[in-house]
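Raw coords-v6.txt, compact mmCIF, C-alpha atoms:
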```txt
# COMPACT_ATOMS: atom_id res chain seq x y z
CA ASP A 1 -18.97 52.23 -39.75
CA THR A 2 -18.98 48.63 -40.86
CA ALA A 3 -21.40 46.66 -38.72
CA VAL A 4 -24.54 44.63 -38.31
CA SER A 5 -27.39 46.96 -37.55
CA GLN A 6 -30.90 45.99 -36.58
CA THR A 7 -33.99 48.08 -36.01
CA PRO A 8 -35.84 48.78 -33.87
CA LYS A 9 -33.84 48.36 -30.67
CA TYR A 10 -37.00 48.11 -28.58
CA LEU A 11 -40.43 46.93 -29.63
CA VAL A 12 -43.41 46.93 -27.29
CA THR A 13 -46.67 45.70 -28.71
CA GLN A 14 -49.86 43.88 -27.88
CA MET A 15 -50.65 40.21 -28.27
CA GLY A 16 -52.07 39.36 -31.66
CA ASN A 17 -50.26 42.12 -33.56
CA ASP A 18 -47.88 41.62 -36.49
CA LYS A 19 -44.41 43.17 -36.36
CA SER A 20 -41.16 43.21 -38.31
CA ILE A 21 -37.52 43.55 -37.32
CA LYS A 22 -34.98 44.63 -39.90
CA CYS A 23 -31.33 43.71 -40.17
CA GLU A 24 -28.59 44.96 -42.45
CA GLN A 25 -24.90 44.13 -42.64
CA ASN A 26 -22.23 45.95 -44.64
CA LEU A 27 -19.42 43.51 -43.91
CA GLY A 28 -19.76 41.73 -47.26
CA HIS A 29 -20.75 38.49 -45.54
CA ASP A 30 -22.68 35.85 -47.47
CA THR A 31 -24.61 34.38 -44.55
CA MET A 32 -27.03 35.97 -42.11
CA TYR A 33 -28.77 34.60 -39.02
CA TRP A 34 -31.53 35.27 -36.56
CA TYR A 35 -31.11 34.20 -32.95
CA LYS A 36 -33.53 34.34 -30.05
CA GLN A 37 -32.28 34.93 -26.51
CA ASP A 38 -34.93 33.85 -24.07
CA SER A 39 -35.46 34.70 -20.41
CA LYS A 40 -32.84 32.11 -19.42
CA LYS A 41 -30.32 34.00 -21.59
CA PHE A 42 -29.97 31.03 -23.92
CA LEU A 43 -29.00 32.14 -27.48
CA LYS A 44 -30.72 29.85 -29.94
CA ILE A 45 -30.51 29.85 -33.74
CA MET A 46 -33.81 30.39 -35.54
CA PHE A 47 -32.90 30.86 -39.19
CA SER A 48 -29.91 31.20 -41.45
CA TYR A 49 -29.70 32.47 -45.01
CA ASN A 50 -26.78 32.04 -47.36
CA ASN A 51 -26.83 34.28 -50.43
CA LYS A 52 -30.58 34.84 -49.97
CA GLU A 53 -31.33 31.13 -49.65
CA LEU A 54 -32.68 29.57 -46.47
CA ILE A 55 -30.18 27.03 -45.14
CA ILE A 56 -31.15 26.64 -41.50
CA ASN A 57 -34.72 26.59 -40.27
CA GLU A 58 -35.01 25.42 -36.71
CA THR A 59 -38.24 24.34 -35.08
CA VAL A 60 -39.81 27.77 -35.07
CA PRO A 61 -43.56 28.47 -35.33
CA ASN A 62 -44.57 29.40 -38.87
CA ARG A 63 -45.77 32.73 -37.49
CA PHE A 64 -42.11 33.67 -37.88
CA SER A 65 -41.14 34.37 -41.48
CA PRO A 66 -37.68 35.56 -42.46
CA LYS A 67 -37.15 37.42 -45.71
CA SER A 68 -33.86 38.14 -47.42
CA PRO A 69 -34.22 40.62 -50.29
CA ASP A 70 -30.46 40.52 -50.86
CA LYS A 71 -27.45 39.07 -49.09
CA ALA A 72 -26.95 42.24 -47.03
CA HIS A 73 -30.44 42.18 -45.51
CA LEU A 74 -32.39 39.67 -43.45
CA ASN A 75 -35.69 40.79 -42.00
CA LEU A 76 -37.89 38.91 -39.56
CA HIS A 77 -41.66 39.19 -39.68
CA ILE A 78 -43.76 37.83 -36.83
CA ASN A 79 -47.51 37.32 -37.16
CA SER A 80 -50.05 37.05 -34.34
CA LEU A 81 -47.59 37.79 -31.58
CA GLU A 82 -47.88 35.75 -28.39
CA LEU A 83 -46.65 36.37 -24.84
CA GLY A 84 -43.98 33.69 -25.27
CA ASP A 85 -42.43 35.65 -28.13
CA SER A 86 -41.07 38.18 -25.64
CA ALA A 87 -37.30 37.92 -25.93
CA VAL A 88 -34.25 39.63 -27.36
CA TYR A 89 -33.74 38.85 -31.04
CA PHE A 90 -30.22 39.09 -32.46
CA CYS A 91 -29.21 39.29 -36.07
CA ALA A 92 -25.74 38.10 -37.08
CA SER A 93 -23.68 37.61 -40.20
CA SER A 94 -20.58 35.68 -41.26
CA TYR A 95 -18.80 33.98 -44.15
CA GLN A 96 -20.11 30.45 -44.42
CA GLY A 97 -17.54 27.70 -44.14
CA ALA A 98 -14.57 29.89 -43.38
CA ASN A 99 -13.16 29.84 -39.88
CA GLN A 100 -14.31 33.33 -39.19
CA PRO A 101 -16.65 34.46 -36.47
CA GLN A 102 -20.20 35.71 -36.62
CA HIS A 103 -20.76 39.40 -36.06
CA PHE A 104 -23.84 40.37 -34.11
CA GLY A 105 -26.18 43.31 -34.04
CA ASP A 106 -27.11 44.87 -30.70
CA GLY A 107 -30.43 43.06 -30.48
CA THR A 108 -34.11 43.95 -30.54
CA ARG A 109 -35.92 43.60 -27.24
CA LEU A 110 -39.46 42.53 -28.01
CA SER A 111 -42.02 42.86 -25.22
CA ILE A 112 -45.54 41.56 -25.65
CA LEU A 113 -48.22 43.09 -23.44
CA ASP B 1 -30.74 18.51 -24.57
CA GLN B 2 -27.87 20.98 -24.43
CA GLN B 3 -24.91 20.14 -26.60
CA VAL B 4 -22.82 22.99 -25.22
CA LYS B 5 -22.67 23.64 -21.48
CA GLN B 6 -21.11 26.31 -19.35
CA ASN B 7 -21.59 24.91 -15.87
CA SER B 8 -20.57 28.03 -13.98
CA PRO B 9 -23.21 30.74 -14.31
CA SER B 10 -20.94 33.26 -12.59
CA LEU B 11 -17.33 33.84 -11.58
CA SER B 12 -15.65 36.54 -9.50
CA VAL B 13 -11.94 37.23 -9.81
CA GLN B 14 -9.63 39.81 -8.30
CA GLU B 15 -8.08 42.33 -10.69
CA GLY B 16 -4.68 41.17 -11.92
CA ARG B 17 -5.41 37.48 -11.33
CA ILE B 18 -6.28 34.83 -13.89
CA SER B 19 -9.89 34.22 -14.99
CA ILE B 20 -10.66 30.73 -16.29
CA LEU B 21 -13.95 30.12 -18.03
CA ASN B 22 -14.97 26.62 -19.02
CA CYS B 23 -17.18 25.05 -21.64
CA ASP B 24 -18.05 21.40 -22.35
CA TYR B 25 -19.55 20.00 -25.53
CA THR B 26 -20.89 16.64 -26.57
CA ASN B 27 -20.49 16.28 -30.32
CA SER B 28 -17.21 15.41 -32.03
CA MET B 29 -18.55 16.89 -35.31
CA PHE B 30 -17.90 20.39 -34.00
CA ASP B 31 -14.92 21.84 -35.83
CA TYR B 32 -14.64 25.49 -34.82
CA PHE B 33 -14.86 26.93 -31.34
CA LEU B 34 -15.33 30.52 -30.30
CA TRP B 35 -15.63 32.77 -27.28
CA TYR B 36 -17.83 35.84 -27.27
CA LYS B 37 -18.10 38.62 -24.72
CA LYS B 38 -21.37 40.40 -24.08
CA TYR B 39 -22.10 43.64 -22.29
CA PRO B 40 -25.67 44.56 -21.27
CA ALA B 41 -27.85 45.93 -24.06
CA GLU B 42 -25.25 45.02 -26.70
CA GLY B 43 -24.79 42.08 -29.00
CA PRO B 44 -22.15 39.41 -28.40
CA THR B 45 -18.69 40.51 -29.55
CA PHE B 46 -16.20 38.00 -30.88
CA LEU B 47 -13.18 37.53 -28.64
CA ILE B 48 -11.08 34.58 -29.78
CA SER B 49 -11.48 31.28 -31.62
CA ILE B 50 -9.75 27.99 -32.29
CA SER B 51 -10.14 25.34 -34.96
CA SER B 52 -10.30 21.66 -34.15
CA ILE B 53 -6.80 21.04 -35.53
CA LYS B 54 -5.22 23.12 -32.79
CA ASP B 55 -5.15 22.87 -29.02
CA LYS B 56 -4.19 26.42 -28.10
CA ASN B 57 -4.63 29.90 -29.49
CA GLU B 58 -3.37 33.06 -27.87
CA ASP B 59 -4.25 36.70 -28.45
CA GLY B 60 -2.80 39.15 -25.98
CA ARG B 61 -4.30 38.54 -22.55
CA PHE B 62 -6.68 35.90 -23.93
CA THR B 63 -5.84 32.25 -24.52
CA VAL B 64 -8.24 29.54 -25.62
CA PHE B 65 -7.46 25.89 -24.94
CA LEU B 66 -9.15 22.96 -26.68
CA ASN B 67 -9.05 19.44 -25.28
CA LYS B 68 -10.74 17.32 -27.94
CA SER B 69 -10.53 14.04 -26.05
CA ALA B 70 -12.32 15.59 -23.08
CA LYS B 71 -14.57 17.72 -25.33
CA HIS B 72 -13.61 20.70 -23.24
CA LEU B 73 -12.87 24.30 -24.13
CA SER B 74 -11.53 26.96 -21.80
CA LEU B 75 -10.72 30.65 -21.93
CA HIS B 76 -7.94 32.12 -19.82
CA ILE B 77 -7.74 35.85 -19.23
CA VAL B 78 -4.58 37.07 -17.60
CA PRO B 79 -4.23 39.55 -16.06
CA SER B 80 -7.93 40.17 -15.54
CA GLN B 81 -9.12 43.78 -15.66
CA PRO B 82 -12.34 45.40 -14.42
CA GLY B 83 -13.30 46.11 -18.06
CA ASP B 84 -13.39 42.35 -18.63
CA SER B 85 -16.53 42.15 -16.49
CA ALA B 86 -19.19 40.83 -18.87
CA VAL B 87 -21.04 37.66 -19.82
CA TYR B 88 -18.89 35.21 -21.78
CA PHE B 89 -20.44 32.74 -24.19
CA CYS B 90 -18.68 29.82 -25.76
CA ALA B 91 -19.94 28.73 -29.18
CA VAL B 92 -19.25 25.77 -31.43
CA ARG B 93 -19.86 25.17 -35.12
CA ASP B 94 -21.25 21.94 -36.49
CA SER B 95 -19.07 20.93 -39.45
CA GLY B 96 -22.00 19.26 -41.20
CA THR B 97 -24.67 21.97 -40.95
CA TYR B 98 -22.51 25.06 -40.26
CA LYS B 99 -24.89 25.72 -37.41
CA TYR B 100 -23.48 27.59 -34.42
CA ILE B 101 -24.55 26.45 -30.96
CA PHE B 102 -24.04 28.66 -27.94
CA GLY B 103 -23.51 27.88 -24.29
CA THR B 104 -25.65 29.55 -21.63
CA GLY B 105 -22.96 32.02 -20.63
CA THR B 106 -20.82 32.76 -17.58
CA ARG B 107 -21.01 36.15 -15.91
CA LEU B 108 -17.49 37.28 -15.04
CA LYS B 109 -16.97 39.98 -12.46
CA VAL B 110 -13.47 41.35 -12.03
CA LEU B 111 -13.11 43.10 -8.71
CA ALA B 112 -10.87 46.16 -8.46
```

Would you kindly transcribe this structure into structure tokens?
Amino acid sequence: DTAVSQTPKYLVTQMGNDKSIKCEQNLGHDTMYWYKQDSKKFLKIMFSYNNKELIINETVPNRFSPKSPDKAHLNLHINSLELGDSAVYFCASSYQGANQPQHFGDGTRLSIL
Amino acid sequence: DQQVKQNSPSLSVQEGRISILNCDYTNSMFDYFLWYKKYPAEGPTFLISISSIKDKNEDGRFTVFLNKSAKHLSLHIVPSQPGDSAVYFCAVRDSGTYKYIFGTGTRLKVLA
């Protein structure tokens, strides 16, 4: 099936740990995104990559480091996890510039103990 | 400072009636407007969109209206069905940065 898939779906870990979330899309899109949905359900852009190049980098702590090995993958690594990092993280992809929508993965629920 | 607002956090509508969801934005640089539907434990799913050169786009039971002078976007669902019960997000794209900005969502409940 063509889709945006992200793993894991759930991630429970302790404060101070380092974790990664992976995202892959097979829609042929050239742009991928990471969003954070906080406790108020607000979806906020964190990063965007176009053809493996970083094009959007919002005010996000540098503990968060995205990596795009190719245009079909965008992984998110988080160092020294803090309680405030608990949220649902969504990966998305689209064609940049064209009037076409973003397609989202099902999210990774990160819980920090 | 929210650039995209959905002022109604929730809405209940009787099955068969019209559902109207609203969204207001502040920046005239936005050029593409979208509605997404979200079920629990799933990602947002694209529903319908409209570019800034149009004022209406229709797809089956779903119609999106854009009022650029009022900076207002709305989604009409008619007739509403119980399966439409979900959270609806409006989103806008900034024509300069290609950044997408989402509203806070409206939870629609369609009562059978």

TODO: Kindly determine which residues of chain A lie within 7 Å of chain B, considering all atoms listed in the file, and give the answer as JSON, numbers by chain.
DONE: {"A": [41, 42, 43, 97, 99, 101, 103, 104, 105, 106, 107]}

Can you spit out the residues from that selection as a tab-separated table (two decimals), in the frame of the given file, using C-alpha atoms?
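Contents of again05.tsv, freshly written:
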```tsv
chain	number	residue	atom	x	y	z
A	41	LYS	CA	-30.32	34.00	-21.59
A	42	PHE	CA	-29.97	31.03	-23.92
A	43	LEU	CA	-29.00	32.14	-27.48
A	97	GLY	CA	-17.54	27.70	-44.14
A	99	ASN	CA	-13.16	29.84	-39.88
A	101	PRO	CA	-16.65	34.46	-36.47
A	103	HIS	CA	-20.76	39.40	-36.06
A	104	PHE	CA	-23.84	40.37	-34.11
A	105	GLY	CA	-26.18	43.31	-34.04
A	106	ASP	CA	-27.11	44.87	-30.70
A	107	GLY	CA	-30.43	43.06	-30.48
```

- [ ] For CA of Phe90 in chain A and CA of Ser28 in chain B, determine how far apart the two atoms are, in Å to one decimal place.
- [x]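 If I compute the distance from CA of Phe90 in chain A to CA of Ser28 in chain B, I get 27.0 Å.
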
- [ ] Please indicate the distance in Å from CA of Glu15 in chain B to CA of Pro82 in chain B, rounded to one decimal place.
- [x]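 These atoms are spaced 6.4 Å apart.
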
Open item on the list: Neighbouring residues of range 53-58 of chain A were defined as those with any atom within 9 Å, considering all atoms listed in the file; residues of the same chain fewer than 5 positions away were excluded. Please report them as JSON, numbers by chain.
Closed with: {"A": [33, 45, 46, 47, 48, 66, 68, 71], "B": [97, 98, 99]}

Open item on the list: Please report the interatomic distance between CA of Ser19 in chain B and CA of Ser52 in chain B in Å with one decimal.
Closed with: 22.9 Å

Task: Protein, DNA and RNA residues within 8 Å of (-15.3, 34.6, -21.1), all atoms listed in the file, as a list in words - done: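 Applying the cut-off with all atoms listed in the file, one gets Ile20, Leu21, Trp35, Tyr36, Lys37, Leu75, His76, Ile77, Ala86, Val87, Tyr88, Phe89, Cys90, Thr106, Arg107 and Leu108 of chain B.
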
Output for the residues just chosen: C-alpha atoms as a compact mmCIF listing (two decimals), in the coordinates of the input:
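Saved result, part17.txt, follows:
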```txt
# COMPACT_ATOMS: atom_id res chain seq x y z
CA ILE B 20 -10.66 30.73 -16.29
CA LEU B 21 -13.95 30.12 -18.03
CA TRP B 35 -15.63 32.77 -27.28
CA TYR B 36 -17.83 35.84 -27.27
CA LYS B 37 -18.10 38.62 -24.72
CA LEU B 75 -10.72 30.65 -21.93
CA HIS B 76 -7.94 32.12 -19.82
CA ILE B 77 -7.74 35.85 -19.23
CA ALA B 86 -19.19 40.83 -18.87
CA VAL B 87 -21.04 37.66 -19.82
CA TYR B 88 -18.89 35.21 -21.78
CA PHE B 89 -20.44 32.74 -24.19
CA CYS B 90 -18.68 29.82 -25.76
CA THR B 106 -20.82 32.76 -17.58
CA ARG B 107 -21.01 36.15 -15.91
CA LEU B 108 -17.49 37.28 -15.04
```

Task: Protein/DNA/RNA residues near (-43.5, 35.4, -30.4), cut 12 Å, all atoms listed in the file, as a ChimeraX atom specification - done: /A:11-20,36-38,60-65,76-89,109-113

Open item on the list: So that I can see what lies close to Lys52 in chain A, please list as a ChimeraX atom specification the residues with an atom at most 9 Å from it, counting only C-alpha atoms and leaving out residues fewer than 2 positions away in the same chain.
Closed with: /A:30-32,49-50,54,67-74

Open item on the list: If we count all atoms listed in the file and set the cut-off at 8 Å, which residues sit around Leu73 in chain B, ignoring sequence neighbours fewer than 2 positions away in its own chain? Please answer as a list in words.
Closed with: Asn22, Cys23, Asp24, Phe33, Val64, Phe65, Leu66, Asn67, Lys71 and Leu75 of chain B

- [ ] For Lys109 in chain B, list every protein, DNA or RNA residue within 8 Å, evaluated using all atoms listed in the file, and leave out those in the same chain fewer than 2 positions away; present the list as a list in words.
- [x]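 In the requested form, the answer reads Ser10, Leu11, Ser12, Val13, Pro82, Asp84, Ser85, Ala86, Arg107 and Leu111 of chain B.
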
TODO: Identify which of the residues B:Asp59, B:Ser74, B:Pro9, B:Val92 lies closest to Thr26 in chain B, counting only C-alpha atoms when measuring atom-to-atom distances.
DONE: B:Val92

TODO: Find, counting only C-alpha atoms, the residue in B:Lys5, B:His72, B:Gly83, B:Val78 that gets nearest to Glu58 in chain B.
DONE: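 The shortest atom-to-atom distance to Glu58 in chain B comes from B:Val78.
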
TODO: Check the smallest atom-to-atom distance from each of A:Asn51, A:Gln96, A:Thr59, A:Thr108 to Ile21 in chain A using all atoms listed in the file, then report the winner.
DONE: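 Answer, going by the shortest atom-to-atom distance: A:Thr108.
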